[in-house]
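Data file: run-v9.cif. Format and content: mmCIF, C-alpha atoms and all ligand atoms.
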```cif
data_upload
#
loop_
_atom_site.label_atom_id
_atom_site.label_comp_id
_atom_site.auth_asym_id
_atom_site.auth_seq_id
_atom_site.Cartn_x
_atom_site.Cartn_y
_atom_site.Cartn_z
CA MET A 25 0.00 0.00 0.00
CA ALA A 26 1.30 3.45 -0.88
CA ALA A 27 2.26 5.66 2.07
CA PRO A 28 -0.16 8.52 2.78
CA LYS A 29 0.87 11.73 1.03
CA LEU A 30 2.87 14.06 3.27
CA ASP A 31 2.17 17.78 3.29
CA GLU A 32 4.93 20.42 3.17
CA PHE A 33 5.55 20.48 6.91
CA GLU A 34 5.35 16.70 7.33
CA ARG A 35 7.98 16.38 4.60
CA ILE A 36 10.27 18.79 6.45
CA ALA A 37 9.67 17.03 9.79
CA ARG A 38 10.25 13.54 8.40
CA PHE A 39 13.11 13.96 5.97
CA PHE A 40 14.98 17.11 6.97
CA ALA A 41 14.49 17.69 10.71
CA PRO A 42 16.51 14.54 11.58
CA LEU A 43 19.46 16.09 9.72
CA ALA A 44 19.29 19.46 11.43
CA ALA A 45 21.94 21.02 13.65
CA PRO A 46 20.89 22.32 17.08
CA GLU A 47 21.27 25.84 15.68
CA ALA A 48 18.45 25.08 13.18
CA LEU A 49 15.86 25.29 16.01
CA GLY A 50 14.35 21.96 14.95
CA LEU A 51 13.42 23.51 11.56
CA LEU A 52 10.41 24.86 13.46
CA ASP A 53 11.31 28.55 13.29
CA ASP A 54 12.06 30.97 10.45
CA VAL A 55 15.86 30.87 10.63
CA ALA A 56 18.94 29.21 12.07
CA LEU A 57 21.02 31.06 14.67
CA ILE A 58 24.75 30.33 14.76
CA GLU A 59 27.55 31.81 16.82
CA GLY A 60 28.93 34.98 15.25
CA PRO A 61 31.43 37.66 16.20
CA PRO A 62 31.70 38.29 19.97
CA GLY A 63 28.27 39.05 21.41
CA ARG A 64 26.45 38.46 18.10
CA GLN A 65 24.78 35.58 16.28
CA TYR A 66 24.49 35.00 12.56
CA VAL A 67 20.92 34.58 11.33
CA LEU A 68 20.54 32.31 8.27
CA LYS A 69 17.54 31.90 6.01
CA THR A 70 16.87 30.74 2.46
CA ASP A 71 13.72 31.22 0.41
CA ALA A 72 13.06 30.41 -3.23
CA ILE A 73 10.51 31.91 -5.60
CA VAL A 74 9.16 30.23 -8.72
CA GLU A 75 7.53 31.78 -11.78
CA GLY A 76 3.85 30.89 -11.81
CA VAL A 77 3.85 30.23 -8.06
CA HIS A 78 5.28 33.33 -6.34
CA PHE A 79 5.28 35.73 -9.26
CA LEU A 80 3.66 35.93 -12.67
CA PRO A 81 5.52 35.50 -16.00
CA GLU A 82 4.73 39.11 -16.95
CA ASP A 83 5.94 40.64 -13.67
CA PRO A 84 8.83 43.09 -14.31
CA ALA A 85 12.23 41.44 -13.71
CA ASP A 86 13.46 44.20 -11.39
CA GLN A 87 10.45 43.74 -9.12
CA VAL A 88 10.89 39.95 -9.20
CA ALA A 89 14.46 40.50 -7.95
CA GLN A 90 13.24 42.82 -5.21
CA LYS A 91 10.55 40.35 -4.12
CA LEU A 92 13.15 37.59 -4.00
CA LEU A 93 15.34 39.60 -1.65
CA ARG A 94 12.51 40.98 0.40
CA VAL A 95 10.82 37.66 1.22
CA ASN A 96 14.13 36.62 2.76
CA LEU A 97 14.67 39.93 4.56
CA SER A 98 11.16 39.61 5.99
CA ASP A 99 12.24 36.44 7.79
CA LEU A 100 15.27 38.27 9.21
CA ALA A 101 12.95 41.10 10.34
CA GLY A 102 10.82 38.52 12.13
CA LYS A 103 13.84 37.53 14.24
CA SER A 104 14.92 41.13 15.06
CA ALA A 105 18.00 40.69 12.84
CA THR A 106 20.01 43.20 10.79
CA PRO A 107 20.76 41.99 7.24
CA LEU A 108 24.38 41.58 6.17
CA GLY A 109 24.43 39.99 2.72
CA TYR A 110 23.07 37.22 0.52
CA LEU A 111 23.89 34.35 -1.84
CA LEU A 112 21.91 34.12 -5.07
CA THR A 113 21.05 31.08 -7.22
CA THR A 114 19.35 31.64 -10.55
CA ALA A 115 17.87 28.73 -12.53
CA LEU A 116 16.70 30.32 -15.77
CA PRO A 117 15.15 29.00 -18.96
CA ARG A 118 17.23 29.86 -22.05
CA THR A 119 14.48 32.29 -23.10
CA CYS A 120 15.54 34.67 -20.31
CA ASP A 121 17.74 37.07 -22.27
CA GLU A 122 20.29 39.68 -21.28
CA ALA A 123 17.68 42.43 -21.21
CA TRP A 124 15.78 40.42 -18.56
CA LEU A 125 18.99 39.90 -16.58
CA GLU A 126 19.91 43.56 -16.83
CA ARG A 127 16.57 44.57 -15.37
CA PHE A 128 16.80 41.80 -12.74
CA ALA A 129 20.25 43.03 -11.64
CA ALA A 130 18.99 46.63 -11.49
CA GLY A 131 16.30 45.52 -9.03
CA LEU A 132 18.93 43.78 -6.89
CA ALA A 133 21.10 46.92 -6.95
CA ARG A 134 18.20 49.10 -5.87
CA ASP A 135 17.40 46.90 -2.88
CA GLN A 136 21.05 46.40 -1.93
CA ALA A 137 21.22 50.18 -1.49
CA GLU A 138 17.87 50.33 0.27
CA PHE A 139 18.70 47.62 2.82
CA GLY A 140 22.49 48.03 3.13
CA ILE A 141 23.40 44.54 1.89
CA ALA A 142 25.67 43.12 -0.81
CA LEU A 143 25.94 39.92 -2.83
CA LEU A 144 28.27 37.27 -1.40
CA GLY A 145 28.12 34.58 -4.11
CA GLY A 146 25.73 32.12 -5.68
CA ASP A 147 25.22 29.86 -8.67
CA THR A 148 23.99 30.29 -12.25
CA VAL A 149 22.29 27.34 -13.97
CA ALA A 150 19.87 26.76 -16.84
CA THR A 151 16.56 24.95 -16.42
CA PRO A 152 13.95 23.45 -18.77
CA GLY A 153 11.34 24.64 -16.29
CA PRO A 154 10.04 28.05 -15.15
CA VAL A 155 12.27 30.80 -13.71
CA THR A 156 13.39 29.58 -10.29
CA LEU A 157 15.31 31.88 -7.98
CA SER A 158 16.77 31.30 -4.54
CA VAL A 159 18.39 33.61 -2.05
CA ALA A 160 20.16 32.65 1.14
CA ALA A 161 20.14 35.71 3.39
CA ILE A 162 22.58 36.27 6.22
CA GLY A 163 22.01 38.69 9.05
CA THR A 164 23.24 39.28 12.57
CA VAL A 165 21.54 39.84 15.88
CA ARG A 166 22.78 40.57 19.40
CA ALA A 167 23.34 37.16 21.03
CA GLY A 168 20.09 36.00 22.64
CA ALA A 169 18.06 38.92 21.24
CA ALA A 170 16.31 37.07 18.38
CA VAL A 171 12.60 36.69 19.11
CA LEU A 172 11.60 33.06 18.48
CA ARG A 173 8.23 31.57 17.54
CA SER A 174 8.15 29.61 20.80
CA GLY A 175 7.81 32.32 23.48
CA ALA A 176 4.08 33.11 23.45
CA ALA A 177 2.26 32.62 26.79
CA PRO A 178 -1.44 32.62 27.76
CA GLY A 179 -2.58 36.17 28.48
CA ASP A 180 -0.28 37.71 25.83
CA ASP A 181 -1.84 39.92 23.21
CA VAL A 182 -1.41 39.13 19.49
CA PHE A 183 -0.29 41.91 17.13
CA VAL A 184 0.41 42.39 13.44
CA SER A 185 2.27 45.13 11.62
CA GLY A 186 0.95 47.06 8.62
CA SER A 187 -2.16 45.73 6.92
CA LEU A 188 -3.28 42.21 6.00
CA GLY A 189 -4.59 40.73 2.76
CA ASP A 190 -3.16 43.30 0.35
CA GLY A 191 -0.75 40.84 -1.30
CA ALA A 192 -3.34 38.12 -1.80
CA LEU A 193 -5.85 40.66 -3.11
CA GLY A 194 -3.18 42.15 -5.41
CA LEU A 195 -2.70 38.74 -6.98
CA LYS A 196 -6.46 38.46 -7.50
CA ALA A 197 -6.42 41.89 -9.15
CA LEU A 198 -3.59 40.81 -11.49
CA GLN A 199 -5.60 37.71 -12.37
CA GLY A 200 -8.52 39.88 -13.46
CA GLY A 201 -10.54 39.83 -10.24
CA LEU A 202 -11.87 42.64 -7.99
CA PRO A 203 -13.90 44.43 -10.70
CA ALA A 204 -15.42 46.87 -8.18
CA LEU A 205 -12.11 48.59 -7.40
CA SER A 206 -10.75 51.84 -8.83
CA GLU A 207 -7.48 51.85 -10.77
CA THR A 208 -5.72 53.48 -7.79
CA GLU A 209 -6.96 50.79 -5.41
CA ARG A 210 -5.91 48.00 -7.78
CA ALA A 211 -2.48 49.61 -8.24
CA HIS A 212 -2.01 49.77 -4.46
CA LEU A 213 -2.81 46.06 -4.04
CA VAL A 214 -0.68 44.99 -7.02
CA ASP A 215 2.25 46.97 -5.61
CA ARG A 216 1.81 45.21 -2.27
CA TYR A 217 1.83 41.82 -4.06
CA ARG A 218 4.94 42.58 -6.09
CA LEU A 219 6.94 44.54 -3.51
CA PRO A 220 6.75 43.29 0.07
CA ARG A 221 8.04 45.74 2.73
CA PRO A 222 10.22 43.79 5.17
CA ARG A 223 9.61 45.40 8.56
CA LEU A 224 13.27 45.41 9.59
CA ALA A 225 13.38 48.52 11.80
CA LEU A 226 10.25 47.50 13.68
CA GLY A 227 11.46 43.91 14.02
CA GLN A 228 14.78 45.03 15.48
CA ARG A 229 13.08 47.34 17.96
CA LEU A 230 10.63 44.63 19.08
CA SER A 231 13.37 42.55 20.67
CA GLY A 232 12.80 42.75 24.41
CA PHE A 233 9.10 43.60 23.96
CA ALA A 234 7.76 40.72 21.86
CA SER A 235 7.50 37.31 23.54
CA ALA A 236 7.22 35.47 20.18
CA MET A 237 7.51 36.66 16.60
CA MET A 238 7.61 35.53 12.97
CA ASP A 239 6.81 37.00 9.60
CA ILE A 240 3.53 36.17 7.86
CA SER A 241 4.15 34.61 4.45
CA ASP A 242 1.64 31.76 4.21
CA GLY A 243 -1.43 33.58 5.55
CA LEU A 244 -2.31 34.87 9.04
CA VAL A 245 -4.17 31.80 10.27
CA ALA A 246 -1.56 29.29 9.08
CA ASP A 247 1.39 31.27 10.42
CA LEU A 248 -0.29 32.09 13.74
CA GLY A 249 -0.96 28.34 13.93
CA HIS A 250 2.80 27.71 13.56
CA LEU A 251 3.57 30.27 16.27
CA CYS A 252 0.97 28.68 18.57
CA SER A 253 2.19 25.16 18.05
CA ALA A 254 5.82 26.23 18.64
CA SER A 255 4.65 27.90 21.88
CA GLY A 256 2.20 25.16 22.99
CA VAL A 257 -0.71 27.63 23.20
CA GLY A 258 -3.85 28.66 21.32
CA ALA A 259 -4.94 32.02 19.90
CA GLU A 260 -8.22 33.89 19.51
CA VAL A 261 -8.35 36.46 16.73
CA GLU A 262 -11.15 39.03 16.36
CA ALA A 263 -11.89 39.40 12.65
CA ALA A 264 -13.16 42.96 13.12
CA ARG A 265 -9.73 44.05 14.41
CA LEU A 266 -7.72 42.93 11.39
CA PRO A 267 -5.99 45.99 9.88
CA LEU A 268 -7.04 46.61 6.27
CA SER A 269 -5.71 49.11 3.77
CA ALA A 270 -8.33 51.41 2.21
CA ALA A 271 -8.10 49.34 -0.98
CA ALA A 272 -8.59 46.04 0.85
CA ALA A 273 -11.52 47.51 2.79
CA ALA A 274 -13.10 48.59 -0.50
CA ALA A 275 -12.60 45.11 -1.96
CA LEU A 276 -14.21 43.47 1.08
CA GLY A 277 -17.05 46.01 1.04
CA ALA A 278 -17.92 44.87 -2.48
CA ALA A 279 -17.27 41.15 -1.86
CA PRO A 280 -17.29 40.15 1.85
CA GLU A 281 -16.20 36.59 1.02
CA LEU A 282 -12.73 38.06 0.28
CA MET A 283 -12.22 37.97 4.07
CA SER A 284 -10.75 34.52 3.39
CA ALA A 285 -7.91 36.23 1.48
CA VAL A 286 -7.21 38.42 4.52
CA LEU A 287 -7.25 35.49 6.94
CA ALA A 288 -5.60 32.82 4.85
CA GLY A 289 -4.12 34.37 1.69
CA GLY A 290 -0.35 34.49 1.43
CA ASP A 291 2.09 37.27 0.56
CA ASP A 292 1.51 39.56 3.54
CA TYR A 293 5.15 39.78 4.69
CA GLU A 294 4.06 41.57 7.82
CA LEU A 295 5.25 40.83 11.36
CA LEU A 296 3.11 38.70 13.64
CA PHE A 297 4.06 38.89 17.31
CA THR A 298 2.84 38.47 20.85
CA ALA A 299 3.53 40.63 23.88
CA GLN A 300 2.28 41.06 27.43
CA PRO A 301 -0.51 43.66 27.81
CA ILE A 302 1.87 45.83 29.85
CA ALA A 303 3.96 46.37 26.68
CA ALA A 304 1.11 48.22 24.90
CA PRO A 305 2.41 51.78 25.49
CA ALA A 306 5.93 50.80 24.35
CA LEU A 307 4.50 49.17 21.22
CA ALA A 308 2.51 52.31 20.40
CA ARG A 309 5.75 54.31 20.71
CA LEU A 310 7.67 51.90 18.44
CA ALA A 311 4.90 52.08 15.85
CA ALA A 312 5.03 55.89 15.89
CA GLU A 313 8.84 55.95 15.69
CA THR A 314 9.11 53.44 12.84
CA GLY A 315 6.06 54.71 10.95
CA VAL A 316 4.61 51.18 10.75
CA ALA A 317 1.16 50.49 12.17
CA VAL A 318 0.94 47.94 14.96
CA THR A 319 -2.52 46.51 15.63
CA ARG A 320 -3.73 44.22 18.39
CA ILE A 321 -5.81 41.48 16.76
CA GLY A 322 -6.44 39.05 19.60
CA SER A 323 -5.08 37.09 22.54
CA ILE A 324 -3.10 34.00 23.38
CA VAL A 325 -5.06 31.38 25.35
CA ARG A 326 -4.03 28.19 27.14
CA GLU A 327 -6.86 26.26 25.47
CA PRO A 328 -8.09 25.38 22.97
CA LEU A 329 -4.86 24.91 21.03
CA GLY A 330 -4.84 26.18 17.46
CA VAL A 331 -6.30 29.39 16.06
CA GLN A 332 -9.90 30.52 16.44
CA VAL A 333 -11.24 33.48 14.49
CA LEU A 334 -14.26 35.20 16.05
CA ASP A 335 -16.82 37.51 14.45
CA GLY A 336 -18.24 40.65 16.12
CA ARG A 337 -20.58 38.56 18.30
CA GLY A 338 -17.86 36.21 19.50
CA HIS A 339 -18.94 33.38 17.19
CA ARG A 340 -16.34 31.24 15.54
CA ILE A 341 -15.76 31.87 11.83
CA THR A 342 -14.88 28.86 9.71
CA ILE A 343 -11.89 29.51 7.50
CA PRO A 344 -12.22 27.89 4.07
CA VAL A 345 -8.51 27.62 3.27
CA GLY A 346 -5.84 26.83 5.87
CA GLY A 347 -3.00 28.84 4.35
CA TYR A 348 -0.72 28.22 1.41
CA ARG A 349 0.99 24.84 1.27
CA HIS A 350 3.29 23.75 -1.52
CA PHE A 351 2.42 20.07 -0.95
P1 LIG A 401 9.01 30.38 6.08
O1 LIG A 401 7.54 30.35 5.84
O2 LIG A 401 9.43 31.25 7.20
O3 LIG A 401 9.79 30.60 4.81
P2 LIG A 401 8.95 27.55 5.95
O4 LIG A 401 7.57 27.29 6.40
O5 LIG A 401 9.24 27.56 4.49
O6 LIG A 401 9.43 28.92 6.59
O7 LIG A 401 9.93 26.51 6.61
C1 LIG A 401 9.81 26.15 7.99
C2 LIG A 401 11.17 25.68 8.50
O8 LIG A 401 11.60 24.53 7.77
C3 LIG A 401 12.29 26.71 8.37
O9 LIG A 401 13.12 26.60 9.51
C4 LIG A 401 13.05 26.25 7.15
O10 LIG A 401 14.41 26.62 7.21
C5 LIG A 401 12.89 24.75 7.21
N1 LIG A 401 12.96 24.09 5.90
C6 LIG A 401 12.04 24.17 4.90
N2 LIG A 401 12.41 23.40 3.84
C7 LIG A 401 13.60 22.83 4.18
C8 LIG A 401 14.50 21.96 3.50
N3 LIG A 401 14.27 21.50 2.26
N4 LIG A 401 15.64 21.60 4.16
C9 LIG A 401 15.89 22.07 5.40
N5 LIG A 401 15.08 22.88 6.08
C10 LIG A 401 13.94 23.27 5.49
MG MG A 402 8.96 33.12 7.89
#
```

Would you give me this structure, written as C-alpha cells?
Amino acid sequence: MAAPKLDEFERIARFFAPLAAPEALGLLDDVALIEGPPGRQYVLKTDAIVEGVHFLPEDPADQVAQKLLRVNLSDLAGKSATPLGYLLTTALPRTCDEAWLERFAAGLARDQAEFGIALLGGDTVATPGPVTLSVAAIGTVRAGAAVLRSGAAPGDDVFVSGSLGDGALGLKALQGGLPALSETERAHLVDRYRLPRPRLALGQRLSGFASAMMDISDGLVADLGHLCSASGVGAEVEAARLPLSAAAAAALGAAPELMSAVLAGGDDYELLFTAQPIAAPALARLAAETGVAVTRIGSIVREPLGVQVLDGRGHRITIPVGGYRHF
C-alpha cells in the first residue's frame, strides 16, 4: 500500500528535521542562529521563488528581484536581525535574455542600497522549467536577542504590523478579479503583491518587547498556527480588528467573502508577534517611531490549542482555506 501523502511540513519534519543542527531550532522557526562575532549571532535563512507560483511571468524582472530579496529579509525582520548579505542562485530557462537579466540586476542593486546589503556569491544554472530563484540571506543579531516563535504565553496579546490581505488581493487583481475597485486601489494592491516591505526597523526594535515573533508569508491563520504550536498555546483572533488598507476595505465592502484572502491568503510579509498587555504603550511608541502600524488582533489562550477566528458577536468563523501549502 502506498504511504499517505505528506504535506509540506510533514515532509520537512520527516526527511529534513533529523538532519538538522541544534542551531536550526528543529526547523520549526524561520531561521537558524549560529555563533557569530563576539556578542552576536548570525541569522541564516533561504527562500526560493518560482515563476507561476510566487510571481507571474509578466511581472517586471526588477520587481521579481526585489521580491526575492525581500521575502528573505522579511524572515530576518521577524527575528529582530540586521541583514548583512546574501547568496543568489538563478535557474533560468534559455528564453531569459540579457535584457531580462539587466533589469533583474537593477532591481537587486536598488534593494542592496535600500537595505544596506551586498551579494556574497551564488550559482547560475539553466533549467527546462520556469524561472526559479533562490536567495540565502545572512544577518546578525545581538546574542540572545532574536525573538523566536516559541515564546508566546497565555494572556499575551497578538499583534500584526501594517495591513493584512493586500498581497493576496493584489494577486487576484492581477488575475482579473476585484472588478469593483478603482485603478488606484488596484495599483495599491498589485504593488503590495509585487513589492513586500520587510519590517526590519520594527522587528529590530521589538526585541525585548515581543514574547514570540515571525513574519507572515503563508497567511495569518496558518502562520499564527505555527507560532501557537511552537509555543504550545492557542490564539483567539477578532476578525473585526484585522488591519485593512483602504483598498482592501473597499474590496471586502464589495465582496465580503474576500475575508478569506485576509485570513488565509499568502504574501503579507508583515510581522506577527505576541507581547504582554503591559507592553502596549511601548508598542505604540515603536509604531510611531518606525512609521509602521501595529494593531492588536487578539489574545493567546491556554486552550483550545490552534487558532480561532471570532466575528463581532464572538462566534467562531470557519476559514475555508488553511494557508498556502506547496504540498
Ligand atoms: P518560512 O515560511 O518562514 O519561509 P517555511 O515554512 O518555508 O518557513 O519553513 C519552515 C522551516 O523549515 C524553516 O526553519 C526552514 O528553514 C525549514 N525548511 C524548509 N524546507 C527545508 C529543507 N528543504 N531543508 C531544510 N530545512 C527546510
Ligand atoms: Mg517566515

At a cut-off of 7 Å, using all atoms listed in the file, what residues contact segment 224-232 of chain A? Leave out same-chain residues fewer than 4 positions from it and give the result as a PyMOL selection string. chain A and resi 101-105+169-171+310+314

Please identify every polymer residue within 6 Å of ligand MG 402 (chain A), using all atoms listed in the file, and present the set as a PyMOL selection string. chain A and resi 54+99+238-239

Throw together the list of residues within 10 Å of ligand LIG 401 (chain A), counting only C-alpha atoms and all ligand atoms, and drop it here as a short mmCIF file (atom, residue, chain, number, x, y, z; two decimals) with C-alpha atoms, keeping the file's coordinate frame.
```cif
data_model
loop_
_atom_site.label_atom_id
_atom_site.label_comp_id
_atom_site.auth_asym_id
_atom_site.auth_seq_id
_atom_site.Cartn_x
_atom_site.Cartn_y
_atom_site.Cartn_z
CA GLU A 32 4.93 20.42 3.17
CA PHE A 33 5.55 20.48 6.91
CA ARG A 35 7.98 16.38 4.60
CA ILE A 36 10.27 18.79 6.45
CA ALA A 37 9.67 17.03 9.79
CA PHE A 39 13.11 13.96 5.97
CA PHE A 40 14.98 17.11 6.97
CA ALA A 41 14.49 17.69 10.71
CA PRO A 42 16.51 14.54 11.58
CA LEU A 43 19.46 16.09 9.72
CA ALA A 44 19.29 19.46 11.43
CA ALA A 48 18.45 25.08 13.18
CA LEU A 49 15.86 25.29 16.01
CA GLY A 50 14.35 21.96 14.95
CA LEU A 51 13.42 23.51 11.56
CA LEU A 52 10.41 24.86 13.46
CA ASP A 53 11.31 28.55 13.29
CA ASP A 54 12.06 30.97 10.45
CA VAL A 55 15.86 30.87 10.63
CA ALA A 56 18.94 29.21 12.07
CA LEU A 68 20.54 32.31 8.27
CA LYS A 69 17.54 31.90 6.01
CA THR A 70 16.87 30.74 2.46
CA ASP A 71 13.72 31.22 0.41
CA ALA A 72 13.06 30.41 -3.23
CA VAL A 95 10.82 37.66 1.22
CA ASN A 96 14.13 36.62 2.76
CA SER A 98 11.16 39.61 5.99
CA ASP A 99 12.24 36.44 7.79
CA LEU A 100 15.27 38.27 9.21
CA GLY A 102 10.82 38.52 12.13
CA MET A 238 7.61 35.53 12.97
CA ASP A 239 6.81 37.00 9.60
CA ILE A 240 3.53 36.17 7.86
CA SER A 241 4.15 34.61 4.45
CA ASP A 242 1.64 31.76 4.21
CA GLY A 243 -1.43 33.58 5.55
CA ALA A 246 -1.56 29.29 9.08
CA ASP A 247 1.39 31.27 10.42
CA HIS A 250 2.80 27.71 13.56
CA GLY A 290 -0.35 34.49 1.43
CA TYR A 293 5.15 39.78 4.69
CA TYR A 348 -0.72 28.22 1.41
CA ARG A 349 0.99 24.84 1.27
CA HIS A 350 3.29 23.75 -1.52
#
```

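For the residues A:Leu111, A:Ala303, A:Val159, A:Ala123, ranking by smallest atom-to-atom distance to Gly146 of chain A using all atoms listed in the file places A:Leu111 first.
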
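From atom CA of Ile321 of chain A back to atom CA of His339 of chain A, the distance works out to 15.4 Å.
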
Could you tell me how far atom CA of Phe79 of chain A lies from atom CA of Ala211 of chain A, in Å and to one decimal? 15.9 Å

Can you pull out the residues contacting Leu93 of chain A? Cut-off 8 Å, using only C-alpha atoms, and skip same-chain residues under 5 positions away; I want them as a compact mmCIF listing (two decimals) with C-alpha atoms, in the frame of the given file.
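For reference, result23.txt as written:
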```txt
# COMPACT_ATOMS: atom_id res chain seq x y z
CA LEU A 132 18.93 43.78 -6.89
CA ASP A 135 17.40 46.90 -2.88
CA VAL A 159 18.39 33.61 -2.05
CA ALA A 161 20.14 35.71 3.39
```

note - atom CA of Pro117 of chain A and atom CA of Thr151 of chain A are separated by 5.0 Å

Might you pull out every residue within 8 Å of Val261 of chain A, with all atoms listed in the file counted and same-chain residues fewer than 5 positions away left off, and present them as a PyMOL selection string? chain A and resi 182+321-323+331-334

Expected file: the selected residues, C-alpha atoms, as a short mmCIF file (atom, residue, chain, number, x, y, z; two decimals), in the coordinates of the input:
```cif
data_model
loop_
_atom_site.label_atom_id
_atom_site.label_comp_id
_atom_site.auth_asym_id
_atom_site.auth_seq_id
_atom_site.Cartn_x
_atom_site.Cartn_y
_atom_site.Cartn_z
CA VAL A 182 -1.41 39.13 19.49
CA ILE A 321 -5.81 41.48 16.76
CA GLY A 322 -6.44 39.05 19.60
CA SER A 323 -5.08 37.09 22.54
CA VAL A 331 -6.30 29.39 16.06
CA GLN A 332 -9.90 30.52 16.44
CA VAL A 333 -11.24 33.48 14.49
CA LEU A 334 -14.26 35.20 16.05
#
```

Which residues are near Ala278 of chain A? Cut-off 9 Å, only C-alpha atoms, ignore same chain within fewer than 5 positions. Put them as a PyMOL selection string. chain A and resi 202+204-205+273

Restricting it to C-alpha atoms, dump the selection as a CSV table (one decimal), in the coordinates of the input.
```
chain,number,residue,atom,x,y,z
A,202,LEU,CA,-11.9,42.6,-8.0
A,204,ALA,CA,-15.4,46.9,-8.2
A,205,LEU,CA,-12.1,48.6,-7.4
A,273,ALA,CA,-11.5,47.5,2.8
```

Which residue of A:Pro301, A:Pro267, A:Pro178, A:Pro220 approaches Leu329 of chain A most closely, using only C-alpha atoms: A:Pro178

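In terms of minimum interatomic distance to Ala317 of chain A, A:Leu268 ranks closest within A:Leu268, A:Ala275, A:Cys252, A:Met237, counting all atoms listed in the file.
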
For segment 164-177 of chain A, take all atoms listed in the file, fit an axis-aligned box around them, add 6 Å to each of the six sides, then output centre and edge lengths in Å rounded to one decimal, as lines of an AutoDock Vina configuration file.
```
center_x = 12.8
center_y = 35.1
center_z = 19.7
size_x = 33.1
size_y = 23.0
size_z = 26.2
```

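Closest approach to Ala272 of chain A among A:Leu157, A:Ala234, A:Val214, A:Val325: A:Val214, based on only C-alpha atoms.
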
Write out as a count of residues only the residues lying within 6 Å of Gly163 of chain A, counting all atoms listed in the file and excluding same-chain residues fewer than 2 positions away. 6

Check the smallest atom-to-atom distance from each of A:Ala45, A:Val77, A:Leu296, A:Leu219 to Leu266 of chain A using all atoms listed in the file, then report the winner. A:Leu296

Can you work out which one of A:Asp121, A:Arg173, A:Thr319, A:Arg210 has the shortest atom-to-atom distance to Gly186 of chain A, counting all atoms listed in the file? A:Thr319

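For the point (-5.9, 36.1, 10.6) in file coordinates, the residues within 7 Å, using all atoms listed in the file, are Leu244, Val245, Val261, Val286, Leu287 and Ala288 of chain A.
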